[in-house]
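This is protein.cif. It holds mmCIF, C-alpha atoms.
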```cif
data_my_file
#
loop_
_atom_site.label_atom_id
_atom_site.label_comp_id
_atom_site.auth_asym_id
_atom_site.auth_seq_id
_atom_site.Cartn_x
_atom_site.Cartn_y
_atom_site.Cartn_z
CA MET A 1 95.28 50.45 76.63
CA ASP A 2 95.07 49.04 80.13
CA ALA A 3 95.63 51.73 82.69
CA LEU A 4 97.91 51.47 85.65
CA ASP A 5 97.13 53.48 88.74
CA GLY A 6 98.79 56.10 90.86
CA ASN A 7 100.90 53.45 92.61
CA ALA A 8 102.99 53.40 89.43
CA LEU A 9 103.82 57.08 89.94
CA ALA A 10 105.05 56.66 93.49
CA GLY A 11 108.73 56.83 92.55
CA PRO A 12 108.62 59.82 90.15
CA LEU A 13 106.28 61.75 92.45
CA ALA A 14 108.47 61.05 95.47
CA ASP A 15 111.37 62.48 93.46
CA HIS A 16 109.36 65.59 92.66
CA PHE A 17 107.68 66.23 96.01
CA GLY A 18 110.43 64.85 98.21
CA ALA A 19 107.81 62.76 100.00
CA GLU A 20 105.59 59.71 99.53
CA VAL A 21 102.30 60.95 98.09
CA THR A 22 100.37 57.94 96.78
CA ALA A 23 98.12 57.90 99.84
CA ALA A 24 97.53 61.67 99.61
CA TRP A 25 94.05 62.93 98.76
CA GLY A 26 93.34 65.44 96.05
CA VAL A 27 90.33 66.95 94.35
CA CYS A 28 89.78 66.89 90.60
CA ARG A 29 89.32 70.46 89.40
CA PHE A 30 86.91 69.36 86.70
CA CYS A 31 84.37 67.28 88.62
CA ASN A 32 85.32 68.12 92.24
CA THR A 33 85.42 64.48 93.25
CA PRO A 34 88.13 63.56 95.77
CA ALA A 35 90.49 60.66 95.13
CA GLN A 36 93.76 59.39 96.46
CA VAL A 37 96.76 59.70 94.14
CA ALA A 38 96.96 55.89 94.07
CA GLN A 39 93.47 55.74 92.58
CA LEU A 40 94.23 57.92 89.54
CA ARG A 41 94.20 56.05 86.24
CA VAL A 42 97.71 56.25 84.81
CA TYR A 43 98.73 55.90 81.17
CA VAL A 44 102.42 55.63 80.37
CA SER A 45 103.61 56.46 76.88
CA GLY A 46 107.23 57.16 75.90
CA PRO A 47 108.39 60.44 77.38
CA GLY A 48 104.98 61.34 78.79
CA THR A 49 102.75 59.90 81.47
CA ILE A 50 99.27 61.15 82.25
CA ALA A 51 96.91 60.48 85.10
CA ARG A 52 93.15 60.74 84.79
CA CYS A 53 90.51 61.35 87.41
CA PRO A 54 88.86 58.00 88.26
CA SER A 55 85.45 59.69 88.29
CA CYS A 56 85.36 61.87 85.18
CA ALA A 57 88.47 60.70 83.26
CA SER A 58 89.81 64.23 82.79
CA VAL A 59 93.58 64.48 82.69
CA VAL A 60 94.58 65.86 86.07
CA LEU A 61 98.29 65.13 86.21
CA ALA A 62 101.04 64.90 83.63
CA LEU A 63 104.68 63.88 83.91
CA VAL A 64 106.98 64.86 81.09
CA GLN A 65 110.53 63.60 80.72
CA THR A 66 112.78 66.30 79.32
CA ARG A 67 116.56 65.97 79.04
CA GLY A 68 116.99 63.88 82.19
CA ALA A 69 114.52 65.82 84.29
CA VAL A 70 110.87 65.08 84.95
CA GLN A 71 108.35 67.92 84.99
CA VAL A 72 105.21 67.25 86.97
CA HIS A 73 102.08 69.21 86.08
CA HIS A 74 99.44 68.68 88.74
CA GLY A 75 97.48 71.89 88.47
CA SER A 76 94.22 70.07 87.82
CA PHE A 77 94.48 67.85 90.88
CA ALA A 78 94.40 69.93 94.03
CA LEU A 79 96.21 68.01 96.76
CA THR A 80 94.53 68.41 100.12
CA PRO A 81 96.19 67.98 103.50
CA ASP A 82 93.36 65.89 104.96
CA PRO A 83 91.06 63.14 103.69
CA PRO A 84 87.62 64.36 102.58
CA GLY A 85 84.59 64.35 104.87
CA MET B 86 114.42 45.05 110.20
CA VAL B 87 111.15 46.97 110.17
CA GLY B 88 111.51 50.23 108.30
CA THR B 89 109.63 53.47 108.50
CA ALA B 90 107.55 55.05 105.78
CA LEU B 91 109.56 56.68 103.07
CA SER B 92 110.27 60.33 103.50
CA GLY B 93 112.57 62.45 101.43
CA ARG B 94 114.26 61.69 98.16
CA LEU B 95 114.87 58.22 96.83
CA THR B 96 118.43 57.36 95.89
CA TRP B 97 119.59 54.74 93.45
CA GLN B 98 121.95 52.16 94.80
CA LEU B 99 123.69 49.05 93.53
CA ALA B 100 122.06 45.83 94.68
CA LYS B 101 123.88 42.50 94.41
CA VAL B 102 122.09 39.32 93.43
CA VAL B 103 122.63 36.66 96.09
CA ASP B 104 120.19 34.01 94.90
CA VAL B 105 117.93 33.21 91.97
CA ILE B 106 115.00 30.84 92.48
CA ASP B 107 112.75 29.33 89.81
CA GLU B 108 109.16 29.75 90.91
CA THR B 109 107.13 28.89 87.79
CA PRO B 110 108.02 28.57 84.08
CA ARG B 111 107.62 32.34 83.74
CA CYS B 112 108.59 33.62 87.19
CA LYS B 113 111.79 33.85 89.15
CA SER B 114 112.46 35.14 92.62
CA ILE B 115 115.65 37.11 92.99
CA ALA B 116 117.22 37.78 96.38
CA PHE B 117 119.34 40.89 96.75
CA GLU B 118 121.88 42.31 99.13
CA VAL B 119 121.32 46.07 99.28
CA PRO B 120 123.99 47.93 101.28
CA ASP B 121 121.88 50.82 102.57
CA TRP B 122 118.51 49.14 102.79
CA ALA B 123 116.36 50.85 105.44
CA GLY B 124 113.70 48.19 105.64
CA HIS B 125 110.25 48.29 104.08
CA ARG B 126 106.52 47.77 104.62
CA ALA B 127 104.65 44.84 103.11
CA GLY B 128 103.10 45.94 99.82
CA GLN B 129 105.82 48.39 98.82
CA HIS B 130 107.86 48.08 95.65
CA VAL B 131 111.25 48.99 94.26
CA ASP B 132 112.29 50.57 90.98
CA ILE B 133 114.93 48.79 88.90
CA ARG B 134 116.94 50.62 86.28
CA LEU B 135 118.89 49.05 83.43
CA THR B 136 121.27 51.09 81.30
CA ALA B 137 122.33 49.68 77.94
CA GLU B 138 125.75 50.28 76.39
CA ASP B 139 124.28 52.92 74.11
CA GLY B 140 122.94 54.79 77.11
CA TYR B 141 119.32 53.68 76.72
CA VAL B 142 117.66 53.48 80.12
CA ALA B 143 114.74 51.22 80.99
CA GLN B 144 113.11 51.46 84.38
CA ARG B 145 110.37 49.33 85.91
CA SER B 146 108.73 48.82 89.28
CA TYR B 147 108.61 45.45 91.02
CA SER B 148 106.70 44.59 94.17
CA ILE B 149 108.73 43.31 97.08
CA ALA B 150 107.95 39.64 97.73
CA SER B 151 109.69 39.43 101.09
CA ALA B 152 108.33 40.59 104.43
CA PRO B 153 110.09 43.27 106.47
CA GLU B 154 111.08 40.48 108.91
CA ASP B 155 112.77 38.34 106.26
CA ASP B 156 116.53 38.38 106.19
CA ARG B 157 116.84 39.13 102.47
CA LEU B 158 115.13 41.48 100.06
CA VAL B 159 113.35 39.37 97.45
CA LEU B 160 111.60 40.35 94.24
CA THR B 161 109.53 37.94 92.15
CA VAL B 162 109.59 38.82 88.47
CA GLU B 163 107.33 37.50 85.72
CA ARG B 164 108.93 37.37 82.28
CA LEU B 165 106.85 39.37 79.83
CA ASP B 166 107.46 38.34 76.20
CA ASP B 167 107.65 41.96 75.07
CA GLY B 168 109.20 43.23 78.27
CA GLU B 169 112.18 45.57 78.34
CA VAL B 170 113.41 44.66 81.79
CA SER B 171 111.81 41.36 82.83
CA PRO B 172 113.57 39.18 80.21
CA TYR B 173 116.92 40.45 81.48
CA LEU B 174 116.02 39.88 85.12
CA THR B 175 114.62 36.39 84.54
CA GLU B 176 117.07 35.10 81.91
CA GLU B 177 120.38 36.95 82.23
CA LEU B 178 120.84 37.92 85.85
CA ARG B 179 123.16 35.66 87.87
CA GLU B 180 124.36 35.45 91.44
CA GLY B 181 126.99 38.13 91.99
CA ASP B 182 125.57 40.49 89.34
CA GLN B 183 124.70 44.01 90.36
CA ILE B 184 121.80 46.17 89.26
CA GLU B 185 120.55 49.65 90.10
CA LEU B 186 117.63 49.69 92.49
CA ARG B 187 115.81 52.28 94.60
CA GLY B 188 113.21 51.98 97.28
CA PRO B 189 111.19 51.10 99.15
CA ILE B 190 108.41 53.00 97.40
CA GLY B 191 104.73 53.28 98.22
CA GLY B 192 102.50 54.34 101.08
CA TYR B 193 99.00 53.44 99.94
CA PHE B 194 99.04 49.78 99.04
CA VAL B 195 100.71 48.68 102.25
CA TRP B 196 99.63 46.61 105.21
CA ASP B 197 101.24 46.28 108.57
CA GLU B 198 99.98 44.54 111.61
CA PRO B 199 98.68 47.69 113.40
CA LEU B 200 96.21 48.28 110.55
CA GLY B 201 94.36 45.15 111.67
CA GLY B 202 91.62 43.34 109.76
CA PRO B 203 89.77 41.23 108.92
CA LEU B 204 91.96 41.14 105.81
CA ALA B 205 90.86 40.07 102.37
CA LEU B 206 93.80 39.65 99.99
CA ILE B 207 92.74 39.04 96.41
CA ALA B 208 95.38 38.34 93.79
CA GLY B 209 95.29 37.83 90.04
CA GLY B 210 98.41 36.34 88.47
CA SER B 211 101.60 38.12 89.50
CA GLY B 212 99.46 40.33 91.76
CA ILE B 213 100.16 37.71 94.40
CA VAL B 214 103.64 39.15 94.96
CA PRO B 215 102.88 42.09 97.29
CA LEU B 216 100.10 40.11 98.97
CA ARG B 217 102.51 37.29 99.73
CA ALA B 218 104.74 39.87 101.46
CA MET B 219 101.70 40.88 103.53
CA VAL B 220 100.96 37.26 104.46
CA ARG B 221 104.58 36.68 105.47
CA HIS B 222 104.50 39.85 107.59
CA TRP B 223 101.22 38.70 109.16
CA ALA B 224 102.70 35.27 109.87
CA ALA B 225 105.72 36.83 111.59
CA GLY B 226 103.47 38.76 113.98
CA PRO B 227 100.77 37.89 116.54
CA ARG B 228 98.33 36.82 113.77
CA ASP B 229 95.49 38.73 115.42
CA ALA B 230 93.81 39.79 112.19
CA SER B 231 91.98 37.06 110.29
CA VAL B 232 93.18 36.66 106.72
CA SER B 233 91.33 35.42 103.64
CA LEU B 234 93.61 35.02 100.65
CA LEU B 235 92.01 34.36 97.28
CA TYR B 236 94.50 33.79 94.45
CA SER B 237 93.45 33.48 90.83
CA SER B 238 95.80 31.98 88.22
CA ARG B 239 95.41 30.68 84.68
CA SER B 240 96.56 27.15 85.46
CA LEU B 241 98.31 25.14 88.14
CA ARG B 242 101.77 25.74 86.65
CA ASP B 243 101.23 29.49 86.94
CA VAL B 244 100.63 29.41 90.69
CA ILE B 245 103.56 31.10 92.43
CA TYR B 246 104.54 30.10 95.99
CA SER B 247 101.93 27.30 95.92
CA ASP B 248 103.57 25.10 98.58
CA GLU B 249 104.20 28.05 100.88
CA LEU B 250 100.68 29.42 100.56
CA GLU B 251 99.03 26.02 101.02
CA GLN B 252 100.84 25.45 104.28
CA TYR B 253 99.47 28.70 105.71
CA ASP B 254 95.85 27.56 105.47
CA GLY B 255 94.67 27.01 109.01
CA ASP B 256 94.52 29.06 112.16
CA ASN B 257 92.94 32.44 111.44
CA ILE B 258 93.93 32.28 107.77
CA LYS B 259 92.04 30.87 104.83
CA VAL B 260 93.85 30.33 101.52
CA GLN B 261 91.81 29.64 98.40
CA PHE B 262 92.87 29.19 94.79
CA ALA B 263 90.97 29.79 91.56
CA LEU B 264 92.14 28.49 88.17
CA THR B 265 90.64 30.26 85.20
CA ARG B 266 91.80 28.48 82.03
CA GLU B 267 92.68 24.91 82.88
CA TRP B 268 92.52 22.75 85.96
CA PRO B 269 93.16 19.12 86.88
CA SER B 270 90.09 16.89 86.76
CA ASP B 271 90.27 16.44 90.53
CA TRP B 272 90.70 20.18 91.20
CA ALA B 273 88.95 21.06 94.44
CA GLY B 274 89.50 24.80 94.21
CA HIS B 275 87.41 27.27 92.26
CA ARG B 276 87.11 26.74 88.51
CA GLY B 277 86.81 29.79 86.29
CA ARG B 278 87.06 33.50 86.93
CA VAL B 279 86.63 35.09 90.31
CA ASP B 280 83.07 36.40 90.42
CA GLN B 281 80.80 38.07 92.92
CA GLY B 282 79.44 34.73 94.14
CA LEU B 283 82.90 33.41 94.95
CA LEU B 284 83.89 36.67 96.62
CA ALA B 285 80.78 36.70 98.77
CA SER B 286 81.58 33.24 100.09
CA ALA B 287 85.35 33.55 100.23
CA ILE B 288 85.87 36.71 102.22
CA PRO B 289 84.41 38.16 105.43
CA ARG B 290 81.20 40.16 105.16
CA PRO B 291 81.08 43.96 104.77
CA SER B 292 79.57 44.17 108.26
CA GLU B 293 82.92 43.08 109.65
CA ARG B 294 84.60 46.11 108.02
CA THR B 295 86.84 43.95 105.95
CA LEU B 296 90.02 45.61 104.71
CA ALA B 297 90.56 44.41 101.14
CA TYR B 298 93.70 44.53 99.00
CA ILE B 299 93.29 43.65 95.33
CA CYS B 300 96.30 43.31 93.02
CA GLY B 301 96.87 41.99 89.53
CA PRO B 302 96.05 42.83 85.92
CA THR B 303 93.97 45.96 85.55
CA ALA B 304 90.88 44.18 84.24
CA PHE B 305 90.99 41.74 87.15
CA VAL B 306 91.39 44.48 89.74
CA GLU B 307 88.52 46.51 88.33
CA ALA B 308 86.16 43.55 88.08
CA VAL B 309 86.90 42.39 91.63
CA SER B 310 86.73 45.91 93.02
CA GLN B 311 83.32 46.49 91.46
CA ALA B 312 82.12 43.13 92.71
CA LEU B 313 83.18 43.96 96.27
CA VAL B 314 81.34 47.26 96.14
CA GLY B 315 78.35 45.38 94.74
CA ILE B 316 78.44 43.04 97.74
CA GLY B 317 78.41 46.07 100.00
CA HIS B 318 82.03 46.53 101.01
CA GLU B 319 83.11 50.06 101.86
CA PRO B 320 85.00 51.62 98.93
CA GLY B 321 87.27 53.32 101.45
CA ARG B 322 88.38 49.93 102.74
CA ILE B 323 89.23 48.54 99.31
CA LYS B 324 92.80 49.18 98.18
CA THR B 325 93.90 48.42 94.66
CA GLU B 326 97.13 48.09 92.71
CA ARG B 327 96.88 47.61 88.95
CA PHE B 328 99.69 45.88 87.12
CA GLY B 329 98.50 46.78 83.62
CA PRO B 330 97.59 44.21 80.98
CA SER B 331 98.18 40.59 81.93
CA GLY B 332 101.38 38.97 80.64
CA SER B 333 101.28 36.47 77.72
#
```
Show the structure stored in the file as structure tokens.
Amino acid sequence: MDALDGNALAGPLADHFGAEVTAAWGVCRFCNTPAQVAQLRVYVSGPGTIARCPSCASVVLALVQTRGAVQVHHGSFALTPDPPG
Amino acid sequence: MVGTALSGRLTWQLAKVVDVIDETPRCKSIAFEVPDWAGHRAGQHVDIRLTAEDGYVAQRSYSIASAPEDDRLVLTVERLDDGEVSPYLTEELREGDQIELRGPIGGYFVWDEPLGGPLALIAGGSGIVPLRAMVRHWAAGPRDASVSLLYSSRSLRDVIYSDELEQYDGDNIKVQFALTREWPSDWAGHRGRVDQGLLASAIPRPSERTLAYICGPTAFVEAVSQALVGIGHEPGRIKTERFGPSGS
């Protein structure tokens, strides 16, 4: 399946965080490589959407649609306030 | 009206169709009147939501084709054969109809004049839409940044905004077209897929700190992105927006 990228999550994540986050940096908890949310590889499937680290492909973010609400699990992608380096 | 970056929650609102324009056999531009539109930045998109009688909801994102300076909000939609939303937007929607829309959305794949250049805008298929908004925004400003637009399409009939883009070619902006599947015998543009050789000649060198925006089908974006890195462009100055698999 062709992946989208984090740009496709801009709307749902803005709903969840109350702010625009696609340009935000985060660090993958599995491989420690930084990436911007927009660079995550996104796979949309029915009620669930996952985002993978562009470096190691581990699932770092998941959005689950449940009864009109969207749960966002981003525990494996640590958002950082500043760009790396 | 130039808007500010999105902050806070997005609200759905009813947008009214004020014009429908045929662009190519598969693409239509739709102009909307949106009552509480706060303006946008070139490159941003909107979400459109359709609710069927049985309550089924389909939602998709569409890049904004108009510049912040334009007097109407315009989307350009490509009809996907198996699409849930695009067939409705391109075949059913009429002037006066209303649909649910929210936006503007996005803060990464955006360009405004203060970000400067030199700019390399590289589009595959419908990926031209947000880049066209960037070119229109550039054209409405001082035109200080140099622009190189490279637009790849399957064939001549698939080229969106061809007249408009051709007339830009000139002062501080270079517009080049590539056709990948079929081309007229007298075609003077690039024939075949965009490759590293074409990119190296078409856009400013890495030493100029080129700011590149690549948009289109995922495979196109990834191939072009890798090629740019291969040429020596800074990964941090390459921005990408993947549209998924190519239509038809």
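Among the candidates A:Leu13, A:Cys31, A:Leu40, A:Leu79, the one nearest to Val64 of chain A when counting only C-alpha atoms is A:Leu13.
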Each chain A residue no farther than 7 Å from chain B, nearest pair in Å, only C-alpha atoms, as JSON lines:
```
{"residue": "A:Asp2", "atom": "CA", "partner": "B:Gly329", "partner_atom": "CA", "distance": 5.4}
{"residue": "A:Ala3", "atom": "CA", "partner": "B:Gly329", "partner_atom": "CA", "distance": 5.8}
{"residue": "A:Leu4", "atom": "CA", "partner": "B:Gly329", "partner_atom": "CA", "distance": 5.1}
{"residue": "A:Asp5", "atom": "CA", "partner": "B:Arg327", "partner_atom": "CA", "distance": 5.9}
{"residue": "A:Asn7", "atom": "CA", "partner": "B:Glu326", "partner_atom": "CA", "distance": 6.6}
{"residue": "A:Ala10", "atom": "CA", "partner": "B:Gly191", "partner_atom": "CA", "distance": 5.8}
{"residue": "A:Gly11", "atom": "CA", "partner": "B:Ile190", "partner_atom": "CA", "distance": 6.2}
{"residue": "A:Ala14", "atom": "CA", "partner": "B:Arg94", "partner_atom": "CA", "distance": 6.4}
{"residue": "A:Asp15", "atom": "CA", "partner": "B:Arg94", "partner_atom": "CA", "distance": 5.6}
{"residue": "A:Gly18", "atom": "CA", "partner": "B:Gly93", "partner_atom": "CA", "distance": 4.6}
{"residue": "A:Ala19", "atom": "CA", "partner": "B:Ser92", "partner_atom": "CA", "distance": 4.9}
{"residue": "A:Glu20", "atom": "CA", "partner": "B:Leu91", "partner_atom": "CA", "distance": 6.1}
{"residue": "A:Thr22", "atom": "CA", "partner": "B:Tyr193", "partner_atom": "CA", "distance": 5.7}
{"residue": "A:Ala23", "atom": "CA", "partner": "B:Tyr193", "partner_atom": "CA", "distance": 4.5}
{"residue": "A:Ala38", "atom": "CA", "partner": "B:Tyr193", "partner_atom": "CA", "distance": 6.7}
```
Note to self: Once the PyMOL selection byres ((chain B and resi 240) around 12) is applied to the coordinates I shared, what remains selected? I want it as a PyMOL selection string.
What the structure shows: chain B and resi 109-110+209-210+236-239+241-245+247+262-269+272+274-278
Next item on the list: Decode the PyMOL selection byres ((chain B and resi 297) around 7) for the given file into explicit residues and return them as a list in words.
Entry: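 When the PyMOL selection byres ((chain B and resi 297) around 7) is applied, the selected residues are Leu204, Ala205, Leu206, Thr295, Leu296, Tyr298, Ile299, Arg322, Ile323 and Lys324 of chain B.
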Next item on the list: Please measure the separation of atom CA of Ala35 of chain A and atom CA of Pro81 of chain A, giving the value in Å to one decimal.
Entry: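 Separation of atom CA of Ala35 of chain A and atom CA of Pro81 of chain A: 12.5 Å.
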Check: How many Å separate atom CA of Ala51 of chain A from atom CA of Val314 of chain B?
Finding: 23.2 Å
Item checked: Atomic separation - atom CA of Val42 of chain A relative to atom CA of Gly321 of chain B, Å -> 19.9 Å
Output segment 8-22 of chain A as an mmCIF file, in the coordinates of the input, making sure N, CA, C and O atoms are there.
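Final output, saved to part-v1.cif:
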```cif
data_model
loop_
_atom_site.group_PDB
_atom_site.id
_atom_site.type_symbol
_atom_site.label_atom_id
_atom_site.label_comp_id
_atom_site.auth_asym_id
_atom_site.auth_seq_id
_atom_site.Cartn_x
_atom_site.Cartn_y
_atom_site.Cartn_z
ATOM 1 N N ALA A 8 101.890 53.423 90.387
ATOM 2 C CA ALA A 8 102.990 53.400 89.430
ATOM 3 C C ALA A 8 103.752 54.722 89.392
ATOM 4 O O ALA A 8 104.854 54.784 88.855
ATOM 5 N N LEU A 9 103.162 55.775 89.933
ATOM 6 C CA LEU A 9 103.820 57.080 89.940
ATOM 7 C C LEU A 9 104.555 57.356 91.235
ATOM 8 O O LEU A 9 105.156 58.427 91.404
ATOM 9 N N ALA A 10 104.493 56.409 92.157
ATOM 10 C CA ALA A 10 105.050 56.660 93.490
ATOM 11 C C ALA A 10 106.500 57.130 93.439
ATOM 12 O O ALA A 10 106.859 58.113 94.098
ATOM 13 N N GLY A 11 107.316 56.463 92.636
ATOM 14 C CA GLY A 11 108.730 56.830 92.550
ATOM 15 C C GLY A 11 108.935 58.229 91.982
ATOM 16 O O GLY A 11 109.536 59.094 92.620
ATOM 17 N N PRO A 12 108.460 58.488 90.747
ATOM 18 C CA PRO A 12 108.620 59.820 90.150
ATOM 19 C C PRO A 12 108.030 60.942 90.996
ATOM 20 O O PRO A 12 108.618 62.024 91.094
ATOM 21 N N LEU A 13 106.880 60.696 91.623
ATOM 22 C CA LEU A 13 106.280 61.750 92.450
ATOM 23 C C LEU A 13 107.074 61.968 93.731
ATOM 24 O O LEU A 13 107.186 63.090 94.226
ATOM 25 N N ALA A 14 107.642 60.898 94.266
ATOM 26 C CA ALA A 14 108.470 61.050 95.470
ATOM 27 C C ALA A 14 109.717 61.872 95.128
ATOM 28 O O ALA A 14 110.157 62.711 95.913
ATOM 29 N N ASP A 15 110.241 61.669 93.923
ATOM 30 C CA ASP A 15 111.370 62.480 93.460
ATOM 31 C C ASP A 15 110.972 63.955 93.421
ATOM 32 O O ASP A 15 111.719 64.844 93.823
ATOM 33 N N HIS A 16 109.797 64.222 92.881
ATOM 34 C CA HIS A 16 109.360 65.590 92.660
ATOM 35 C C HIS A 16 108.977 66.286 93.957
ATOM 36 O O HIS A 16 109.348 67.429 94.193
ATOM 37 N N PHE A 17 108.178 65.601 94.789
ATOM 38 C CA PHE A 17 107.680 66.230 96.010
ATOM 39 C C PHE A 17 108.601 66.051 97.202
ATOM 40 O O PHE A 17 108.434 66.697 98.224
ATOM 41 N N GLY A 18 109.554 65.128 97.083
ATOM 42 C CA GLY A 18 110.430 64.850 98.210
ATOM 43 C C GLY A 18 109.717 64.112 99.321
ATOM 44 O O GLY A 18 110.158 64.097 100.467
ATOM 45 N N ALA A 19 108.587 63.491 98.994
ATOM 46 C CA ALA A 19 107.810 62.760 100.000
ATOM 47 C C ALA A 19 106.938 61.741 99.301
ATOM 48 O O ALA A 19 106.660 61.837 98.103
ATOM 49 N N GLU A 20 106.497 60.735 100.048
ATOM 50 C CA GLU A 20 105.590 59.710 99.530
ATOM 51 C C GLU A 20 104.200 60.330 99.436
ATOM 52 O O GLU A 20 103.677 60.838 100.413
ATOM 53 N N VAL A 21 103.604 60.290 98.240
ATOM 54 C CA VAL A 21 102.300 60.950 98.090
ATOM 55 C C VAL A 21 101.177 60.051 97.590
ATOM 56 O O VAL A 21 100.070 60.525 97.364
ATOM 57 N N THR A 22 101.428 58.754 97.396
ATOM 58 C CA THR A 22 100.370 57.940 96.780
ATOM 59 C C THR A 22 99.128 57.834 97.664
ATOM 60 O O THR A 22 98.028 57.648 97.166
#
```
